[in-house]
Amino acid sequence: METQNAAAVFTVLSSEARLAIFRLLVRAAPQGLVAGEIARKLDIPKTNLSFHLKNLVQGDMTTMEREGRHIRYRANIALMLETISYLTENCCSGNPDICQRFREESGISQEIFQQNIIRRPGEEHD
């Protein structure tokens, strides 16, 4: 990932509403949600939701698929993981012992690390 691409991801997610929508879609992965479900779950008016979903789609953070009269939105999990990898790939100059200490201090569940969602620097990616 290039720095410019990472900056674009953060620009798209810089809105509280878009961040909430994206996090909801991450939880709903891989099925995603239709717009009406998103509006109900986050209590966002449909006109505002439409604006934010358009930004998420244009920023490649979500995909959309027409299902009859509805549109289903899905989080771009691959891009999310690529962004996390970009941020952490050179953490602690590749020293896993130092990174382990930061992992423990972070309060992030160790299961996340064990599931290889967030890898140590230098670990192989699937």
# chains A, B, ... in the order shown; residues from 1 in each chain; ligands from 1
>>> select_by_dssp(residues="chain A", states="alpha helix (DSSP H)", output="NGL selection string")
:A and (3-12 or 16-27 or 35-42 or 46-58 or 77-88 or 96-106 or 110-114)
>>> write_last_selection(atoms="C-alpha atoms", output="PDB file, in the first residue's frame")
ATOM      1  CA  THR A   3       1.074   6.339   1.607  1.00  0.00           C
ATOM      2  CA  GLN A   4      -1.342   8.168  -0.685  1.00  0.00           C
ATOM      3  CA  ASN A   5      -3.751   5.194  -0.595  1.00  0.00           C
ATOM      4  CA  ALA A   6      -3.564   4.971   3.200  1.00  0.00           C
ATOM      5  CA  ALA A   7      -4.253   8.704   3.481  1.00  0.00           C
ATOM      6  CA  ALA A   8      -7.302   8.261   1.232  1.00  0.00           C
ATOM      7  CA  VAL A   9      -8.642   5.517   3.549  1.00  0.00           C
ATOM      8  CA  PHE A  10      -8.314   7.812   6.554  1.00  0.00           C
ATOM      9  CA  THR A  11      -9.950  10.677   4.683  1.00  0.00           C
ATOM     10  CA  VAL A  12     -12.975   8.516   3.886  1.00  0.00           C
ATOM     11  CA  GLU A  16     -17.957   9.819  12.622  1.00  0.00           C
ATOM     12  CA  ALA A  17     -20.956   8.623  10.621  1.00  0.00           C
ATOM     13  CA  ARG A  18     -18.849   6.901   7.950  1.00  0.00           C
ATOM     14  CA  LEU A  19     -16.661   5.288  10.585  1.00  0.00           C
ATOM     15  CA  ALA A  20     -19.764   3.975  12.387  1.00  0.00           C
ATOM     16  CA  ILE A  21     -21.195   2.644   9.116  1.00  0.00           C
ATOM     17  CA  PHE A  22     -17.933   0.949   8.198  1.00  0.00           C
ATOM     18  CA  ARG A  23     -17.565  -0.657  11.643  1.00  0.00           C
ATOM     19  CA  LEU A  24     -21.157  -1.914  11.416  1.00  0.00           C
ATOM     20  CA  LEU A  25     -20.449  -3.433   7.999  1.00  0.00           C
ATOM     21  CA  VAL A  26     -17.278  -5.059   9.333  1.00  0.00           C
ATOM     22  CA  ARG A  27     -19.369  -6.723  12.056  1.00  0.00           C
ATOM     23  CA  ALA A  35     -29.270   0.458   3.368  1.00  0.00           C
ATOM     24  CA  GLY A  36     -32.496   0.313   5.380  1.00  0.00           C
ATOM     25  CA  GLU A  37     -30.895  -1.979   7.960  1.00  0.00           C
ATOM     26  CA  ILE A  38     -27.936   0.371   8.294  1.00  0.00           C
ATOM     27  CA  ALA A  39     -30.233   3.375   8.740  1.00  0.00           C
ATOM     28  CA  ARG A  40     -32.253   1.578  11.452  1.00  0.00           C
ATOM     29  CA  LYS A  41     -29.269   0.214  13.355  1.00  0.00           C
ATOM     30  CA  LEU A  42     -27.417   3.543  13.416  1.00  0.00           C
ATOM     31  CA  LYS A  46     -31.797   7.868   4.811  1.00  0.00           C
ATOM     32  CA  THR A  47     -30.767  11.048   2.995  1.00  0.00           C
ATOM     33  CA  ASN A  48     -27.677  11.434   5.207  1.00  0.00           C
ATOM     34  CA  LEU A  49     -26.955   7.718   4.941  1.00  0.00           C
ATOM     35  CA  SER A  50     -27.023   7.894   1.158  1.00  0.00           C
ATOM     36  CA  PHE A  51     -24.398  10.650   1.196  1.00  0.00           C
ATOM     37  CA  HIS A  52     -22.098   8.689   3.520  1.00  0.00           C
ATOM     38  CA  LEU A  53     -22.525   5.381   1.672  1.00  0.00           C
ATOM     39  CA  LYS A  54     -21.668   7.121  -1.600  1.00  0.00           C
ATOM     40  CA  ASN A  55     -18.426   8.378  -0.038  1.00  0.00           C
ATOM     41  CA  LEU A  56     -17.572   4.927   1.329  1.00  0.00           C
ATOM     42  CA  VAL A  57     -18.174   3.294  -2.067  1.00  0.00           C
ATOM     43  CA  GLN A  58     -16.201   5.952  -3.959  1.00  0.00           C
ATOM     44  CA  ILE A  77     -12.232  -6.216   4.580  1.00  0.00           C
ATOM     45  CA  ALA A  78      -9.181  -6.781   2.383  1.00  0.00           C
ATOM     46  CA  LEU A  79      -8.516  -3.034   2.210  1.00  0.00           C
ATOM     47  CA  MET A  80      -9.030  -2.690   5.962  1.00  0.00           C
ATOM     48  CA  LEU A  81      -6.467  -5.437   6.635  1.00  0.00           C
ATOM     49  CA  GLU A  82      -4.080  -3.973   4.075  1.00  0.00           C
ATOM     50  CA  THR A  83      -4.306  -0.633   5.887  1.00  0.00           C
ATOM     51  CA  ILE A  84      -3.623  -2.256   9.263  1.00  0.00           C
ATOM     52  CA  SER A  85      -0.662  -4.075   7.745  1.00  0.00           C
ATOM     53  CA  TYR A  86       0.641  -0.828   6.229  1.00  0.00           C
ATOM     54  CA  LEU A  87       0.507   0.859   9.638  1.00  0.00           C
ATOM     55  CA  THR A  88       2.220  -1.966  11.486  1.00  0.00           C
ATOM     56  CA  PRO A  96       8.858  -8.859  17.798  1.00  0.00           C
ATOM     57  CA  ASP A  97       9.743  -8.796  21.518  1.00  0.00           C
ATOM     58  CA  ILE A  98       9.157  -5.050  21.735  1.00  0.00           C
ATOM     59  CA  CYS A  99       5.990  -5.357  19.666  1.00  0.00           C
ATOM     60  CA  GLN A 100       4.712  -8.069  22.013  1.00  0.00           C
ATOM     61  CA  ARG A 101       5.019  -5.675  24.961  1.00  0.00           C
ATOM     62  CA  PHE A 102       3.022  -3.032  23.079  1.00  0.00           C
ATOM     63  CA  ARG A 103       0.401  -5.634  22.169  1.00  0.00           C
ATOM     64  CA  GLU A 104      -0.016  -6.529  25.830  1.00  0.00           C
ATOM     65  CA  GLU A 105      -0.230  -2.856  26.844  1.00  0.00           C
ATOM     66  CA  SER A 106      -2.778  -2.080  24.123  1.00  0.00           C
ATOM     67  CA  GLN A 110      -4.846 -11.671  22.242  1.00  0.00           C
ATOM     68  CA  GLU A 111      -7.294 -13.804  20.211  1.00  0.00           C
ATOM     69  CA  ILE A 112      -7.092 -11.183  17.475  1.00  0.00           C
ATOM     70  CA  PHE A 113      -3.360 -11.719  17.229  1.00  0.00           C
ATOM     71  CA  GLN A 114      -3.707 -15.495  17.449  1.00  0.00           C
TER      72      GLN A 114
END
>>> select_by_dssp(residues="range 7-115 of chain A", states="strand (DSSP E or B)", output="VMD selection string")
chain A and resid 33 to 34 62 to 67 70 to 75
>>> atom_distance(atom1="CA of Leu13 in chain A", atom2="CA of Arg74 in chain A")
14.9 Å
>>> atom_distance(atom1="CA of Asn76 in chain A", atom2="CA of Ile108 in chain A")
21.8 Å
>>> closest_residue(among="A:Ala28, A:Cys91, A:Met1, A:Leu33", to="Met64 in chain A", atoms="only C-alpha atoms")
A:Leu33
>>> closest_residue(among="A:Ser93, A:Ser109, A:Ser15, A:Gln31", to="Glu65 in chain A", atoms="only C-alpha atoms")
A:Gln31
>>> atom_distance(atom1="CA of Gly32 in chain A", atom2="CA of Glu67 in chain A")
12.1 Å
